[in-house]
Amino acid sequence: MSTPDPSPSPAPSPLDFLAHADLPARWRGRERHVVLDLGLGAPARFDALRATWRGDAQRSERLIVLALDGPDSTDAEGGRVQWMRLDSQGDDVESALRPLQAQVDTFVLDARCALTPDLLRRLNRLAAPEARLVITQATATAAVVREALARHGFVVSADREGPPPDRPPLGGGEKTPGRLVLLPPPAGEGWGGGSARFAPRFTLPPPAAFRPPHRGPREALVIGAGLAGCAAAWALARQGWATTVLDRQPAPAQETSGNPGGLMHGTFNAPDSLHARWFRAASKLTARLARPAIASGAVAGDLRGFVRLEHRLDAAQAAEQLARVGLPDDYVRWLSADGARARTGLPVAMGGWFYAQAGWLSPGDWSRWLLAQAVSAGLARFQGDTAVAALHRDEAGGWQALDRDGRVLAEAPVVVLANANAADHLLNPLGTATGMQAVRGQTTLLAANTPGLRPPRAALSGQGYGLTLPDGRVLTGATSQPGDLDAAVRLSDHRRNLERAARLGLCRTTLAEAEGDALNVTGRVGWRATTPDRLPLIGPPIDRAACDAARQSGRRRLDGLRHLPRCHGEGHGLYLFTGLGSRGLTSAALGAQVLAAWVTGAPFPVDAALRDALDAGR
């Protein structure tokens, strides 16, 4: 009689993963626990992980999971549980890891993860002290796994039981020991389970962003309460940091961020540039956050679509560009002239790009909403009528904001300059500067009963822009005048805005020709903080004097951002979040998350190339 085949071994359950990863014990008392899950079934493991985390009274303050599978992103528990899906080409694990910037406490691998030299080097670079590596399905025998790890920077002990052996502190850039855990594979795959310890080593200095210097109180001063400053407080609060937001005005968002409306949308080009990638990611995050705020009535705006008229392309050229980049229709698609007229309700004569997750927001409302999230969490306070004249670093390494008489207005271990063009006034005495340019912009606001006015159904831009406010008024503009510091609202600028509005079909050309009191419009003047590449400045500023000295001595590498000396050296505590230009509504939320990653050591929400493109040291 034949013997029946043995039943196949059941696949490891999510609870197996938790036990072999030494969770929940390893997250207790920690600021955050970061899991990188590169295996199939990551959403199920995430559900078990989150349930265990919620049920543990001694849990870490934050739980962050980076994964290949599942939704784009998920936030829960007021941002204390975060899921971030990695970009990859199918199951190409290495393409997902190549740009990742994080310190990982627990790795999860399975059969899709071939233990190539490149993959192992990248795991080495990402491993935090005391990291654990869990393989849910064996990709090879234990001996092969150990040999591969040993060849690529890991020290693996032979002893597989008990705590890590005592050993002297690691030097030369090495990390403290972690542990490799292989779960029992299906029968016949050559290994019966157990664990082996390892100590991953850096072969290069870790990026500056991975050396969070602030081990003391998690407190920061944020100077400026416009879009950047309010978003910075929001993002830092999500990482458990308390902020004091200082502004010279009595209330938040009173200067350029006080315009009644502004455009919020991504951009598109082929090939897909860093600029386009940044604004695509930023606009998608802003749309996801802002829609509930609009629905609640807290923020005025409309994100049901935006039309960017384009006279340089036809339908065939647009289709070719879209095919090259491969973006989905729910992000951007081409509209014919008829389609553009139907979307906007205006007699436009050309087609253009339609961004389905875009439109307009009230900058003031959006700024105050972001700040309110941090205040309601008990992690932010606003201090108005507070003009900061200088910064001073005290003997303990903290920062003090001083008024013009040298009195201390507020102090904290970290300071974030989110005060647009005024940042250079505070940076110059510290031996650095931003290189930004102040660009004057004047908007024009037309009353709802203006003769010949055509309020657009959807926000649009071409040569100028137009959007309809909830009360029927139409906002249009804006001028762009580099270096112009005139704060007065000028009739000549209104006429220029109205001429462009007429070409968009928003109003009659004759309105721009009106004289004196017959030109019945209002408007505001503000200054954009603009960088040469039109991307924000985020991160610690460069120490120019130290760079010059290093060049002269030749003793320090200066051939990459990671090697450049930052202002006030290691443990500086000085950061920039400025240079948002004319796209602050789009950039503020994601830019603030990048800033928070710099400050706190949390995983970066963008890849390495984008992080470097935004780096204040560039």
# chains A, B, ... in the order shown; residues from 1 in each chain; ligands from 1
>>> residues_around(residues="Ala377 of chain A", least_positions_apart="6", cutoff="10 Å", atoms="only C-alpha atoms", output="list of chain:residue names")
A:Gly78, A:Trp234, A:Ala237, A:Arg238, A:Gly240, A:Ala242
>>> write_last_selection(atoms="C-alpha atoms", output="PDB file, in the first residue's frame")
ATOM      1  CA  GLY A  78      -3.613  60.659  14.414  1.00  0.00           C
ATOM      2  CA  TRP A 234       1.674  69.910  11.497  1.00  0.00           C
ATOM      3  CA  ALA A 237       3.468  67.102  15.513  1.00  0.00           C
ATOM      4  CA  ARG A 238       2.852  63.916  13.535  1.00  0.00           C
ATOM      5  CA  GLY A 240       5.596  63.728  18.330  1.00  0.00           C
ATOM      6  CA  ALA A 242       6.136  70.193  20.057  1.00  0.00           C
TER       7      ALA A 242
END
>>> atom_distance(atom1="atom CA of Trp83 of chain A", atom2="atom CA of Ala358 of chain A")
23.6 Å
>>> residues_around(residues="Val81 of chain A", least_positions_apart="2", cutoff="12 Å", atoms="only C-alpha atoms", output="PyMOL selection string")
chain A and resi 32-35+46-47+49-54+59-66+73-79+83-84+238-239
>>> atom_distance(atom1="atom CA of Leu446 of chain A", atom2="atom CA of Phe279 of chain A")
29.1 Å
>>> residues_around(residues="Pro429 of chain A", least_positions_apart="3", cutoff="9 Å", atoms="only C-alpha atoms", output="ChimeraX atom specification")
/A:390-391,424-426,432
>>> closest_atom_pairs(of="segment 441-556 of chain A", to="segment 303-309 of chain A", cutoff="8 Å", atoms="only C-alpha atoms", output="Markdown table")
| residue | atom | partner | partner_atom | distance |
| --- | --- | --- | --- | --- |
| A:Ala458 | CA | A:Phe306 | CA | 5.9 |
| A:Ala459 | CA | A:Phe306 | CA | 5.1 |
| A:Leu460 | CA | A:Val307 | CA | 4.6 |
| A:Ser461 | CA | A:Arg308 | CA | 5.1 |
| A:Gly462 | CA | A:Leu309 | CA | 5.0 |
>>> closest_residue(among="A:Pro347, A:Pro413, A:Pro71, A:Gly523", to="Leu574 of chain A", atoms="only C-alpha atoms")
A:Pro413
>>> residues_around(residues="Ala67 of chain A", least_positions_apart="2", cutoff="6 Å", atoms="only C-alpha atoms", output="PyMOL selection string")
chain A and resi 36-38+69+85-86
>>> write_last_selection(atoms="C-alpha atoms", output="compact mmCIF listing (two decimals), in the first residue's frame")
# COMPACT_ATOMS: atom_id res chain seq x y z
CA LEU A 36 10.24 47.21 5.88
CA ASP A 37 7.99 44.44 4.51
CA LEU A 38 9.12 43.13 1.12
CA ASP A 69 1.98 45.63 -1.51
CA ARG A 85 3.88 51.86 -0.22
CA LEU A 86 7.20 51.83 -2.02
